[in-house]
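Student: So that we are looking at the same thing, I have put the structure below in structure tokens.
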Number of protein chains: 6
Amino acid sequence: MKILCFGEIMIRLTPPNMLRLVQTTSFDVQYAGSEANVAVSLAQFGVPSAYVTRVPHTELGRTALGAISRYGVDTTPSVFGGDRLGLYYLEMGMGRRGSKVVYDRAGSGMATVKRGMIDWKKALKGVTWLHWSGITAALSQSAADVTLDALKAASKMGITISCDLNYRANLWKYGKTPAQIMPELVEYCDVLMGDGDAFNLFFDIKADNTVTPSRDEAESIKGYLKKVSERFPKLKYTTMTAREGFSASHNTYKGFLYDGVNIYASKVYDIPDILDRIGGGDAFMAGLIYGMVKNNDPQHIVEFATAAATLKHYVVGDYNLATVSEVESLVQGNMGGRVSR
Amino acid sequence: MKILCFGEIMIRLTPPNMLRLVQTTSFDVQYAGSEANVAVSLAQFGVPSAYVTRVPHTELGRTALGAISRYGVDTTPSVFGGDRLGLYYLEMGMGRRGSKVVYDRAGSGMATVKRGMIDWKKALKGVTWLHWSGITAALSQSAADVTLDALKAASKMGITISCDLNYRANLWKYGKTPAQIMPELVEYCDVLMGDGDAFNLFFDIKADNTVTPSRDEAESIKGYLKKVSERFPKLKYTTMTAREGFSASHNTYKGFLYDGVNIYASKVYDIPDILDRIGGGDAFMAGLIYGMVKNNDPQHIVEFATAAATLKHYVVGDYNLATVSEVESLVQGNMGGRVSR
Amino acid sequence: MKILCFGEIMIRLTPPNMLRLVQTTSFDVQYAGSEANVAVSLAQFGVPSAYVTRVPHTELGRTALGAISRYGVDTTPSVFGGDRLGLYYLEMGMGRRGSKVVYDRAGSGMATVKRGMIDWKKALKGVTWLHWSGITAALSQSAADVTLDALKAASKMGITISCDLNYRANLWKYGKTPAQIMPELVEYCDVLMGDGDAFNLFFDIKADNTVTPSRDEAESIKGYLKKVSERFPKLKYTTMTAREGFSASHNTYKGFLYDGVNIYASKVYDIPDILDRIGGGDAFMAGLIYGMVKNNDPQHIVEFATAAATLKHYVVGDYNLATVSEVESLVQGNMGGRVSR
Amino acid sequence: MKILCFGEIMIRLTPPNMLRLVQTTSFDVQYAGSEANVAVSLAQFGVPSAYVTRVPHTELGRTALGAISRYGVDTTPSVFGGDRLGLYYLEMGMGRRGSKVVYDRAGSGMATVKRGMIDWKKALKGVTWLHWSGITAALSQSAADVTLDALKAASKMGITISCDLNYRANLWKYGKTPAQIMPELVEYCDVLMGDGDAFNLFFDIKADNTVTPSRDEAESIKGYLKKVSERFPKLKYTTMTAREGFSASHNTYKGFLYDGVNIYASKVYDIPDILDRIGGGDAFMAGLIYGMVKNNDPQHIVEFATAAATLKHYVVGDYNLATVSEVESLVQGNMGGRVSR
Amino acid sequence: MKILCFGEIMIRLTPPNMLRLVQTTSFDVQYAGSEANVAVSLAQFGVPSAYVTRVPHTELGRTALGAISRYGVDTTPSVFGGDRLGLYYLEMGMGRRGSKVVYDRAGSGMATVKRGMIDWKKALKGVTWLHWSGITAALSQSAADVTLDALKAASKMGITISCDLNYRANLWKYGKTPAQIMPELVEYCDVLMGDGDAFNLFFDIKADNTVTPSRDEAESIKGYLKKVSERFPKLKYTTMTAREGFSASHNTYKGFLYDGVNIYASKVYDIPDILDRIGGGDAFMAGLIYGMVKNNDPQHIVEFATAAATLKHYVVGDYNLATVSEVESLVQGNMGGRVSR
Amino acid sequence: MKILCFGEIMIRLTPPNMLRLVQTTSFDVQYAGSEANVAVSLAQFGVPSAYVTRVPHTELGRTALGAISRYGVDTTPSVFGGDRLGLYYLEMGMGRRGSKVVYDRAGSGMATVKRGMIDWKKALKGVTWLHWSGITAALSQSAADVTLDALKAASKMGITISCDLNYRANLWKYGKTPAQIMPELVEYCDVLMGDGDAFNLFFDIKADNTVTPSRDEAESIKGYLKKVSERFPKLKYTTMTAREGFSASHNTYKGFLYDGVNIYASKVYDIPDILDRIGGGDAFMAGLIYGMVKNNDPQHIVEFATAAATLKHYVVGDYNLATVSEVESLVQGNMGGRVSR
């Protein structure tokens, strides 16, 4: 069993101590990216994971890979090339001040990746699951092309494929809309994660939000995911999450999983005193993959994934460094109030 | 349009990471003062602002001015002189442990300012609004004298004048009480901000706190501010705020504005997970001035000012670095729960 | 009046900024131990306190003692010896992620202390109260022996003796169970603090948790502490606390004190936005001793101790650095919402 | 008198504590650029200075300008635009490990500046001296075009013009060589600073390094600068510096100034225990301009400029924050060995 | 044996990482003062030392005392009072940039000490040696008066008295010159440390610097110290040091001791790569006192004191934390090049 | 080609900013050990390297392995077990104050490793070179036994074996002397690094230091290494280094390599302004192995190794992070004085 994640890894620059961008005299440095985050989380769960990307052959490129290999991710499938490593500035919010992400990733190694630069036969050798996200397709036409190649090769090799649609309004600037690019790519997927914006913009599938006394939220979402699922017949699982944000420091989180027949909804997880919410969706995705490769039942899969996403909010950086036993403990109702000694 | 703020700027020394004064091995350094805070906030709102003070001609004095000019405040009206820069220690509280401010400002450049040291004709050139606070009058007789000179000159030039009474029990040590000094100064003001302690001690005007089923809080405060307003006929606006402190990390905040006829009350803003509450009142004042120079309607003025004060609680240091769009977003009900990307 | 505390002091290594152990590139350093924490807190309350331990004659051993002498604790009774200073890693939790303590204290100066290394006659000279805890007896047979010697000597000199049972499942590894060691030692005590686990495992006394409409929680706990009290006839006071943990950042705390006749329960103290909860029980113990040596009435003793423990949650490190006036202010209902200036 | 500097300002990201890029978990943040450095240094010398650039209208763009306005530079001539702020990584060297600069500035506001975006008539109003450098011309054809416009406008207004050739091998990537671009621009200059590489690559003027017993180093350099000077008849002063690098922490520095007739050489300044050498040449340039606008004699100009460059090595960041009296003190032979108190 | 040191302790605020005052966003905090430094150094040498001062009864005052009690100094003789704790800013120099000290100590507890506030009989109980410095006499007339009281009391009790003249040009602002105050105080001293400026300004004794082939430096200094010694007949030892400053990071240091008959000169200690030179003279004084109370021979006393002063340059803060064995190791020629493991 | 390094990895705790152990409030964290350092350096040179050790199955154990896998070392041969991770405190010296290492490694996973815990057949699969050091044999009898097993297995598999004798006086506490243990182990080695103390204490081979006009240092060392080489006939290369320590911040370094016939001496490398000298010998060893596996000529091998060791002094932490091109650049005479940009 080996999960290969494909995407872009960037430097994340965060002012320390909740300083604003205009105030800070230093940045905390992390290396992160949606798919790398999934790979790291899987490795903490004890699932062999690997990562393929294209980074420049510089100290920064090598350090980006080292930053995930130190958490047990195999980075040997990655290739070197390009002029710069993408980066993003994160101004961490608190209370009534929301967080801000400022991307500076144009011209990165991944944005300039071209067909043939990654040898997919080699990269996919021994791989049982491939995970990618809509961010890669949003970078450039050539990155979308490379994604398509990957999906075709994986498909041919019988590898399970998951995708997080990950819609980012500030990307998709190369002249194509997601609706022009994504449907063809999603055709190859077995597992799909998205949200209302993505389903709408990418596939023109609209939510049916009618919640009535006789029809609860889960039923409503089931109807919605059913439409998505019918559009892409290969899909075994369709999934989405619902986050409510009372403030930058206090959210709730809930997961939904549809297996083509039934909808499974997790408990609502209350998330007070948030430390770092970036990467919550990636942690959910990793939790989902974990549950699926362990063949857990769907209800437990979605509880585990949601609890994993919850714990992510208490880890600095994009990576969820929670272990299986920590996640299971939260699933069992341990709300964090005890000191373990 | 140019707002000139007049007051003292000090070094603020804060133990990092919520350490207590007796523990810390370093101090975070800010340069702050009630009126400088107003000037900085106005500059973030895009309103041209300037600052006049007297600081020693040392690295520290120059750095104090640089600390606000970097945020766009014009400090050229300020003068150099005196032996030391005032300072204050701030032990930041959290939860059940309240914050503590220890002043060490005796003998500062502003405390020893003398008539004639500031050329008010020059300083007020092009100025449309002058803001000062009761702190300056509390420092020394000569500082109060200089304040009076400023008010007379501004008045003669038809400049709008605002004042925050800013009562500090630990100042006013030079032999005069506020009641002996402040009324004469407030006579010149168009806009006055105060609280119950100040109105009582400075002007012997007491609150009428009776809130009955037939008379709500706003009506009660209207009656109170009406008394103040009648005492100083030049006043166009009288304002005060109400803060409730559930803990050092959780407050609520509400603003009231009286225009001589009606009372306008803001929503109650819930302020959880406070990062740094110092300067909240100054942020309110800046919000108020912003709304007034923009000729907004009174209800919107007080909502904007209260939302501005709320956001200040999430910025490290005394300055409110929120922009107009951030404040308006909170006024519109965005509670901070979304990541902007 | 002099309170002598006896126990082990360790280096505490904590990743800064809520980082996890696997992420951190630095540790914040504290020197702490249950009984040292009690001594420091008492010194902040103005009660003369002293500390006796055995630390290696190295920079680290000397620094450990200096770390409490700077807070006014007399460390001259301590002796030097042994190969290493014990240490513990603390991964600070937040929200849904609980805190973790990893001990690395085997082979420390205190674990290898032997009879005769501490001259108890000398150490106890002028002492009116001796405080110890079950941790010392958990380290090694010889540390338990030395404890027994201390208790005999103190007893002979008419010194009041208090004990915090402080059960730690990861200690007690030298072949004896607490049930074999602790009862003999507790025989000498006048004041005993414990919790359900300790009373059960050490003395086989089980809680009677039945809370019925006609029998409130305090009555239930009174019945429980009565059993403990009857088992050890010398006990004047038996005490325990109840902590509820909604999350790692939000607890409540309540204290109970039984004087052989009546049960005294404190208010429930709400503890939101926790900064550092380690040492809460030690802060309670110090508050208790303070109240007792001041001959306060039992209700006030338990309120003071609980409020002291509450404030501890807002001080970085194990020590409660709150003063008597700060604790009394919380007892009076000041919830931290005001800035003192 | 007002000196206007024109160029690009970037974020500088430096690993703290001499960490290597592959090790660091944070970056120290500075905002710097060759011409901005000159402007800041001039402001410390009490010379009115202003800065014109193009930065994106983001928090980072505004912060870049604030970073120099806090040191007294007037940034109002600058304009907003473009997608990103350029940046550079600086791995600070020490001893036998040399420093490394990694540029990431493609696509910045300055690289994408176009003719007409800066209103030169407005920007040059009141300006008596314009300073620019070869870096701007190296960014893009359009940046070179804008530079030419600036030079023409300034020339027409009778403004003195200085240029630092500032050759950077990693720039000049837009398809033109410096030899194709720079000569036309340098035609407009009154003062020119360069080094052997630049004179050779830009103008095909080679050094004549023959130092013989009968012909010392200064004479040799005089011959060299004479050739440059003859090539560009408008030049009043040509200048260069000689740095010897024993290690990353120990250099010597020497300045040469040619006025068309005589060569003036400074003392050799020994620079041990270097703290931050970046910006040394800019500090020299600022010292030179200072001396020239003060009409100092050429020998003193070059001594002052070299001493200024020397002091820069002891200031963190690119800016020389030395004052005139500090520089003069070094010129007088005060080698830093005394504590001023 | 107990050495009592009398003087003022201040907060020392130092920008970290060699930042200049105008740049820093934080200060490192130390608590220091010439005489406190001597006390701490003596405690590290194993000599019982105590400290008497007057500090305000605030967190800062108590922390100042805790800062030296943690190093083993007995602070119980100190008294509380006054409005503020004095402070000084230290901009640490490096290479060609010299260090700067900016005092802000007017109005401190020690500056406002009055006769009778310190009970000298109590403070001097058990004391065998009293150390003071000219700084205290420079603060205010009343501080000089209190010093005189101390000297009279100590003298009457047969206590050995040492003084470091410690001339600071920026003090002595209360209307008296050192020449009016110091001679009377020095009459009581057994050991006197000074430098050329102090001997000249305080006592009008000028150096005789003539070093000729037939008369070496030590002989020249002997003649000089002989004059001082003759002026104050009680003096047993007169001492001075010679520092040569090649840069802020590289000095040499040499000590001279005159016993009324012979002059003893130490080796010249080369001090490269200086970390923190503040407190060097205090470390010398402590080394001297150590040697004298141990009855070492004069040559060894001066070697030890000079080596101690040398090691101080490698300790952050004012205190010399070197141990006797570390100092002796340097006296024996161990230049620091070995790792001890 | 794969180099396997076998030894113990520890946490290294270093006070930041040159603070002494008694001063620090935090520790910088590194994970290091002599053989791990060699593995990391080899990976930076592009040589595939792996590491085998035994660490506890805790966050700390896993983090220790992650700390080297992030630099490209394959840690899969390592095993988990034992109660604690060894650690060492490093007080970094400067100038006249030497560095101090305090070990706290008793009872670590490696010290308690037992025969059979490491499956050497599996660990050595694909390995072409095994590197170990005398430190492992110094930990415990069982660690020495495991070492012997490794050597026997490697020997049987025809793997090249290198050893650094690494004598540490503070280890070897389990009842055996190095002379009893090491000779048998060294019999298996092809490459041996040692110093005078080790050769003397381990093998009773004494240096013949006579350097005369007719016999230079290299000849003298050749005679010495010849004796070692003759004692262990399997040795192909014997090597040692000579370090001269002018101060903690300034050393020189020189390497010698004996191939059984000739002695090859490197240039003397001057090492001023040292940043972190720990791991210098390990960097030398890695340089040596690099040169040997690349089949470089002996003179170049020793130059490369010495230059590598020199560069190590400018990297924070034990690891040499220099690349081949950086080392070669120093070999070519680039002394660090240039900025690469």
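We label chains A, B, ... in the order they appear in the structure tokens, count residues from 1 in each chain, and number ligands from 1 in the order shown.
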Can you check which parts of chain E lie within 7 Å of chain B? Per residue, the shortest pair of atoms and distance in Å to one decimal, counting only C-alpha atoms, sorted by chain and number, as a Markdown table.
Tutor:
```
| residue | atom | partner | partner_atom | distance |
| --- | --- | --- | --- | --- |
| E:Leu21 | CA | B:Glu59 | CA | 6.5 |
| E:Val22 | CA | B:Thr63 | CA | 5.3 |
| E:Thr25 | CA | B:Val29 | CA | 5.0 |
| E:Ser26 | CA | B:Asp28 | CA | 4.3 |
| E:Phe27 | CA | B:Phe27 | CA | 5.2 |
| E:Asp28 | CA | B:Ser26 | CA | 4.3 |
| E:Val29 | CA | B:Ser26 | CA | 4.8 |
| E:Glu59 | CA | B:Val22 | CA | 6.0 |
| E:Leu60 | CA | B:Val22 | CA | 6.8 |
| E:Thr63 | CA | B:Val22 | CA | 5.3 |
| E:Arg84 | CA | B:Asp104 | CA | 6.9 |
| E:Asp104 | CA | B:Arg84 | CA | 6.9 |
```
Student: Taking only segment 129-245 of chain A into account, list the residues labelled helix (DSSP H, G or I) by DSSP (computed from the backbone), as a PyMOL selection string.
Tutor: chain A and resi 134-139+141-156+178-186+196-203+217-231
Student: Taking the DSSP assignment computed from this structure's backbone, write out as JSON, numbers by chain all residues of segment 94-285 of chain E that belong to strand (DSSP E).
Tutor: {"E": [100, 101, 102, 103, 104, 129, 130, 131, 132, 133, 160, 161, 162, 163, 164, 191, 192, 193, 237, 238, 239, 240, 241, 242, 243, 244, 245, 246, 247, 250, 251, 252, 253, 254, 255, 256, 257, 258, 263, 264, 265, 269, 270, 271]}
Student: Write out as an MDAnalysis selection string each polymer residue whose atoms come within 10 Å of Met285 of chain F, counting only C-alpha atoms; drop sequence neighbours fewer than 2 positions from it.
Tutor: chainID F and resid 34:35 37:39 41:42 131 162:164 191:193 239:240 279:283 287:291 302 305:306 308:309
Student: Skip Phe246 of chain E itself and residues of its chain fewer than 6 positions away, then list as a VMD selection string all residues within 8 Å of it, counting only C-alpha atoms.
Tutor: chain D and resid 335 to 337
Student: Report, in Å to a single decimal, how far apart atom CA of Asp276 of chain F and atom CA of Met94 of chain F are.
Tutor: 9.8 Å
Student: Excluding same-chain residues fewer than 5 positions from Thr160 of chain F, what lies within 12 Å of it counting only C-alpha atoms, as a list in words?
Tutor: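 Here the qualifying residues turn out to be Met1, Lys2, Ile3, Leu4, Cys5, Leu124, Val127, Thr128, Trp129, Leu130, His131, Trp132, Leu151, Lys152, Ala153, Ala154, Ser155, Tyr188, Cys189, Asp190, Val191, Leu192, Lys234, Leu235, Lys236, Tyr237, Ile289, Met292 and Val293 of chain F.
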Student: Can you list, as JSON, numbers by chain, every protein, DNA or RNA residue that comes within 9 Å of His250 of chain B when you count only C-alpha atoms, leaving out same-chain residues fewer than 4 positions away?
Tutor: {"B": [94, 95, 244, 245, 246, 270, 271, 272, 273, 274], "C": [337]}
Student: Between atom CA of Val316 of chain E and atom CA of Asn17 of chain B, what is the distance, to one decimal in Å?
Tutor: 22.1 Å
Student: Report as JSON, numbers by chain all protein, DNA and RNA residues lying within 12 Å of Glu326 of chain A, evaluated on only C-alpha atoms, omitting residues in the same chain fewer than 6 positions from it.
Tutor: {"A": [44, 45, 304, 307, 308, 309, 310, 311, 312, 320, 332, 333, 334, 335, 336, 340], "C": [96, 97, 98, 99, 100]}
Student: Of the candidates B:Gly158, B:Gly33, B:Gly126, B:Pro233, which shows the shortest atom-to-atom distance to Tyr88 of chain B, using only C-alpha atoms?
Tutor: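 That would be B:Gly33, the residue with the smallest distance to Tyr88 of chain B.
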